[in-house]
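Report on the structure given below.
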Amino acid sequence: MSEEKLKIYVCCHKDYEDVGINNSCYKIITCKDIKNNSSLEMIKIDSELDDRMWSELASIYHIWKHPELQAEYIGLCHYRRYFNFMNDVPTEFDKPIIPKRLSSAFNNYITYDLCHNSKDLFGLMRIIHTDLKDYSPAMRVMSDSHFYFPYNMFIFSKELFNTYCEFLFGALLKFDEKIGVKNDYNKMIQHIADYREFYVERDSYPNNTYEYQARLYGFLAERMSTAFIMKYIHEHGEDSINETEVTITEKTYNKI
């Protein structure tokens with residue numbers, strides 16, 4: 001498939017190792033000075049958003065704000081996570097492609113509280129209820145559900161991608177402003193320190209470091225992505241999406 005029709009961006013924050021991906025539809029996208037140990041094209045961006053807080057959203061935002069990087073269909077995966085078709089990319093896209101859902105014994109609100117600070121999720125939901133009312137019912141359903149769509153990975157049509165970004169950043173940028181971080185990493189670390197009993201001084205989650213919890217917006221976006229897909233399903237039917245398994249290429253799941 002030509003890159004004019006499909007671009008799948010591989011979000012990367014460290015040296016990219018060749019994992020056998022050679023389809024030219026894939027493009028490495030990064031905010032870092034890294035080595036590209038593959039044949040894939042690498043796009044170095046100067047994102048407006050700090051990827052230490054925004055994770056893959058920094059790249060998504062840049063693609064959204066730079067239409068020349070878009071195609072008829074736009075995908076995002078990670079240097080260590082790919083849709084399991086890998087190089088055998090579908091030739092037709094009659095449905096959005098998203099990661100297969102992950103289930104939990106607890107609902108999403110409780111699960112988020114066990115891993116992060118549920119006050120953030122509640123605050124984000126209030127912003128959505130006030131400013132993006134069309135998504136408020138889906139956020140409530142997401143909060144009560146026992147599954148979510150992880151990783152902020154997708155293959156969307158260009159139109160759906162831009163709608164998705166309007167939702168994500170329409171809420172998250174306001175939330176960033178509300179908590180006083182304003183895209184400043186040092187302020188984010190201070191924010192976590194000020195409320196460390198809700199972030200790092202807990203034994204319910206094994207990765208409670210300041211650097212990990214600073215990736216706050218990426219974690220919130222996974223819940224927003226889930227609500228976005230739930231709304232899409234509600235409007236288009238249960239069979240309107242293609243849930244696809246994700247292949248993790250690292251032998252040891254890297255937590256950074």
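The way I read the labels, and the way they are meant: chains A, B, ... in the order of the structure tokens, residue 1 as the first residue of every chain, and ligand 1 as the first ligand shown, with later ones counted on from there.
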Please produce, as a tab-separated table, a per-residue contact table for segment 117-194 of chain A versus segment 88-105 of chain A (criterion: any atom at most 8 Å away, only C-alpha atoms considered), showing the nearest atom pair and its distance in Å to one decimal, sorted by chain then residue number.
residue	atom	partner	partner_atom	distance
A:His146	CA	A:Ser104	CA	5.3
A:Phe147	CA	A:Ser103	CA	4.1
A:Tyr148	CA	A:Arg101	CA	5.4
A:Phe149	CA	A:Arg101	CA	4.6
A:Pro150	CA	A:Pro99	CA	6.5
A:Tyr151	CA	A:Pro99	CA	7.7
A:Met153	CA	A:Ile98	CA	6.2
A:Phe154	CA	A:Ile98	CA	4.7
A:Ile155	CA	A:Ile97	CA	5.0
A:Phe156	CA	A:Pro96	CA	5.2
A:Ser157	CA	A:Pro96	CA	7.3
Requested in this report: Could you tell me, as a ChimeraX atom specification, which residues of segment 35-251 of chain A DSSP assigns to helix (DSSP H, G or I) when given the backbone?
Outcome: /A:51-54,57-65,67-69,108-115,118-131,133-144,158-178,185-194,196-199,210-213,216-236
Requested in this report: Write out as a ChimeraX atom specification which residues come within 8 Å of Lys14 of chain A when counting only C-alpha atoms, dropping same-chain ones fewer than 6 positions away.
Outcome: /A:32,34-35
Suppose we keep all heavy atoms; can you now write the selection as a compact mmCIF listing (two decimals), in the first residue's frame?
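Listing of out.txt after writing:
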# COMPACT_ATOMS: atom_id res chain seq x y z
N LYS A 32 13.52 12.69 20.03
CA LYS A 32 14.84 12.51 20.61
C LYS A 32 15.91 12.41 19.53
O LYS A 32 15.61 12.16 18.36
CB LYS A 32 14.88 11.24 21.47
CG LYS A 32 13.78 11.12 22.52
CD LYS A 32 13.92 12.15 23.63
CE LYS A 32 12.92 11.87 24.74
NZ LYS A 32 12.95 12.91 25.79
N ILE A 34 18.14 9.98 18.34
CA ILE A 34 18.33 8.54 18.46
C ILE A 34 18.94 7.99 17.18
O ILE A 34 18.95 8.64 16.13
CB ILE A 34 16.99 7.83 18.74
CG1 ILE A 34 16.03 7.99 17.56
CG2 ILE A 34 16.36 8.35 20.04
CD1 ILE A 34 14.78 7.14 17.66
N LYS A 35 19.45 6.77 17.29
CA LYS A 35 19.96 6.06 16.12
C LYS A 35 18.85 5.19 15.55
O LYS A 35 18.08 4.58 16.28
CB LYS A 35 21.15 5.18 16.52
CG LYS A 35 22.37 5.97 16.98
CD LYS A 35 23.50 5.02 17.36
CE LYS A 35 24.72 5.79 17.84
NZ LYS A 35 25.82 4.87 18.26
Report task. Could you tell me which of A:Ala227, A:Leu216, A:Cys12, A:Val246 comes closest to Cys115 of chain A if we count only C-alpha atoms? Result -> A:Leu216
Requested in this report: Show which residues sit within 12 Å of Ile29 of chain A, as a ChimeraX atom specification. Count only C-alpha atoms, and ignore same-chain residues fewer than 6 positions away.
Outcome: /A:7-16,35-36,40-47,51,56-63,69,75-79
Got time to write the residues from that selection, N, CA, C and O atoms, as a tab-separated table (two decimals), in the first residue's frame?
chain	number	residue	atom	x	y	z
A	7	LYS	N	-0.05	5.88	6.41
A	7	LYS	CA	1.19	6.07	7.15
A	7	LYS	C	0.97	5.55	8.56
A	7	LYS	O	0.03	5.96	9.25
A	8	ILE	N	1.84	4.62	8.98
A	8	ILE	CA	1.80	4.11	10.35
A	8	ILE	C	3.06	4.63	11.05
A	8	ILE	O	4.18	4.24	10.69
A	9	TYR	N	2.87	5.49	12.00
A	9	TYR	CA	4.00	6.08	12.71
A	9	TYR	C	4.40	5.20	13.90
A	9	TYR	O	3.54	4.76	14.67
A	10	VAL	N	5.71	4.96	13.99
A	10	VAL	CA	6.26	4.17	15.09
A	10	VAL	C	6.87	5.15	16.08
A	10	VAL	O	7.93	5.72	15.85
A	11	CYS	N	6.18	5.37	17.19
A	11	CYS	CA	6.64	6.33	18.19
A	11	CYS	C	7.83	5.75	18.94
A	11	CYS	O	7.78	4.63	19.43
A	12	CYS	N	8.91	6.53	19.03
A	12	CYS	CA	10.16	6.00	19.57
A	12	CYS	C	10.87	7.05	20.41
A	12	CYS	O	10.95	8.21	20.01
A	13	HIS	N	11.39	6.64	21.59
A	13	HIS	CA	12.10	7.58	22.44
A	13	HIS	C	13.52	7.13	22.76
A	13	HIS	O	14.22	7.75	23.55
A	14	LYS	N	13.94	6.02	22.14
A	14	LYS	CA	15.32	5.57	22.32
A	14	LYS	C	15.76	4.90	21.02
A	14	LYS	O	14.96	4.74	20.10
A	15	ASP	N	17.05	4.53	20.91
A	15	ASP	CA	17.57	3.97	19.67
A	15	ASP	C	16.64	2.87	19.15
A	15	ASP	O	16.25	1.97	19.90
A	16	TYR	N	16.30	2.98	17.87
A	16	TYR	CA	15.35	2.04	17.28
A	16	TYR	C	16.08	0.81	16.76
A	16	TYR	O	16.97	0.90	15.91
A	35	LYS	N	19.45	6.77	17.29
A	35	LYS	CA	19.96	6.06	16.12
A	35	LYS	C	18.85	5.19	15.55
A	35	LYS	O	18.08	4.58	16.28
A	36	ASN	N	18.80	5.14	14.24
A	36	ASN	CA	17.83	4.32	13.54
A	36	ASN	C	18.54	3.11	12.97
A	36	ASN	O	19.20	3.19	11.93
A	40	LEU	N	13.83	1.79	7.94
A	40	LEU	CA	12.65	2.65	7.94
A	40	LEU	C	13.04	4.12	7.91
A	40	LEU	O	14.07	4.52	8.48
A	41	GLU	N	12.21	4.92	7.26
A	41	GLU	CA	12.41	6.37	7.29
A	41	GLU	C	12.18	6.87	8.72
A	41	GLU	O	11.25	6.44	9.40
A	42	MET	N	13.03	7.79	9.17
A	42	MET	CA	12.87	8.37	10.50
A	42	MET	C	12.56	9.85	10.39
A	42	MET	O	13.25	10.58	9.67
A	43	ILE	N	11.54	10.29	11.09
A	43	ILE	CA	11.12	11.69	11.09
A	43	ILE	C	11.40	12.26	12.48
A	43	ILE	O	10.82	11.84	13.47
A	44	LYS	N	12.33	13.20	12.54
A	44	LYS	CA	12.65	13.88	13.81
A	44	LYS	C	11.78	15.12	13.91
A	44	LYS	O	11.76	15.95	13.00
A	45	ILE	N	11.06	15.22	15.01
A	45	ILE	CA	10.15	16.35	15.18
A	45	ILE	C	10.56	17.17	16.39
A	45	ILE	O	11.23	16.69	17.30
A	46	ASP	N	10.16	18.40	16.37
A	46	ASP	CA	10.34	19.30	17.52
A	46	ASP	C	8.94	19.58	18.07
A	46	ASP	O	8.34	20.62	17.78
A	47	SER	N	8.42	18.62	18.82
A	47	SER	CA	7.04	18.71	19.27
A	47	SER	C	6.85	19.83	20.28
A	47	SER	O	7.74	20.11	21.09
A	51	ASP	N	7.49	15.05	25.62
A	51	ASP	CA	7.11	13.63	25.61
A	51	ASP	C	7.39	12.93	26.92
A	51	ASP	O	6.93	11.81	27.15
A	56	GLU	N	3.45	9.17	23.80
A	56	GLU	CA	3.17	9.14	22.37
A	56	GLU	C	2.26	10.27	21.91
A	56	GLU	O	2.18	10.58	20.72
A	57	LEU	N	1.57	10.92	22.86
A	57	LEU	CA	0.70	12.03	22.48
A	57	LEU	C	1.49	13.19	21.90
A	57	LEU	O	0.94	13.99	21.12
A	58	ALA	N	2.75	13.33	22.27
A	58	ALA	CA	3.58	14.40	21.70
A	58	ALA	C	3.69	14.23	20.19
A	58	ALA	O	3.61	15.20	19.43
A	59	SER	N	3.85	12.97	19.75
A	59	SER	CA	3.92	12.70	18.31
A	59	SER	C	2.55	12.83	17.66
A	59	SER	O	2.43	13.38	16.55
A	60	ILE	N	1.52	12.33	18.32
A	60	ILE	CA	0.17	12.44	17.77
A	60	ILE	C	-0.20	13.91	17.56
A	60	ILE	O	-0.76	14.29	16.53
A	61	TYR	N	0.12	14.74	18.55
A	61	TYR	CA	-0.17	16.17	18.45
A	61	TYR	C	0.55	16.80	17.26
A	61	TYR	O	-0.03	17.59	16.51
A	62	HIS	N	1.81	16.42	17.08
A	62	HIS	CA	2.59	17.00	15.98
A	62	HIS	C	2.00	16.59	14.63
A	62	HIS	O	1.91	17.42	13.71
A	63	ILE	N	1.60	15.33	14.51
A	63	ILE	CA	0.99	14.87	13.26
A	63	ILE	C	-0.32	15.62	13.01
A	63	ILE	O	-0.62	16.01	11.87
A	69	LEU	N	2.01	15.61	7.18
A	69	LEU	CA	2.41	14.29	7.68
A	69	LEU	C	1.28	13.28	7.63
A	69	LEU	O	1.49	12.09	7.89
A	75	GLY	N	-1.91	5.73	11.19
A	75	GLY	CA	-1.77	4.77	12.29
A	75	GLY	C	-0.68	5.18	13.26
A	75	GLY	O	0.21	5.98	12.92
A	76	LEU	N	-0.77	4.63	14.46
A	76	LEU	CA	0.28	4.84	15.45
A	76	LEU	C	0.53	3.53	16.19
A	76	LEU	O	-0.41	2.86	16.62
A	77	CYS	N	1.81	3.18	16.30
A	77	CYS	CA	2.22	2.08	17.16
A	77	CYS	C	3.47	2.53	17.90
A	77	CYS	O	3.81	3.71	17.89
A	78	HIS	N	4.17	1.62	18.56
A	78	HIS	CA	5.31	1.97	19.40
A	78	HIS	C	6.52	1.14	18.98
A	78	HIS	O	6.37	0.08	18.37
A	79	TYR	N	7.70	1.57	19.37
A	79	TYR	CA	8.92	0.86	19.00
A	79	TYR	C	8.92	-0.57	19.52
A	79	TYR	O	9.63	-1.43	19.01
Query raised in the report: Out of A:Ile189, A:Val141, A:Met224, A:Ile229, which residue has the shortest atom-to-atom distance to Ile241 of chain A when counting only C-alpha atoms?
Result: A:Ile229
Requested in this report: Figure out the distance between atom CA of Pro67 of chain A and atom CA of Glu235 of chain A, please, to one decimal in Å.
Outcome: 26.8 Å
Report summary line: With distances taken over only C-alpha atoms, the candidate from A:Val181, A:Tyr164, A:Val19, A:His116 nearest Glu197 of chain A is A:His116
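Checking A:Met142, A:Ala221, A:Ile110, A:Leu160 one by one against Phe175 of chain A, counting only C-alpha atoms, you find the shortest gap at A:Ala221.
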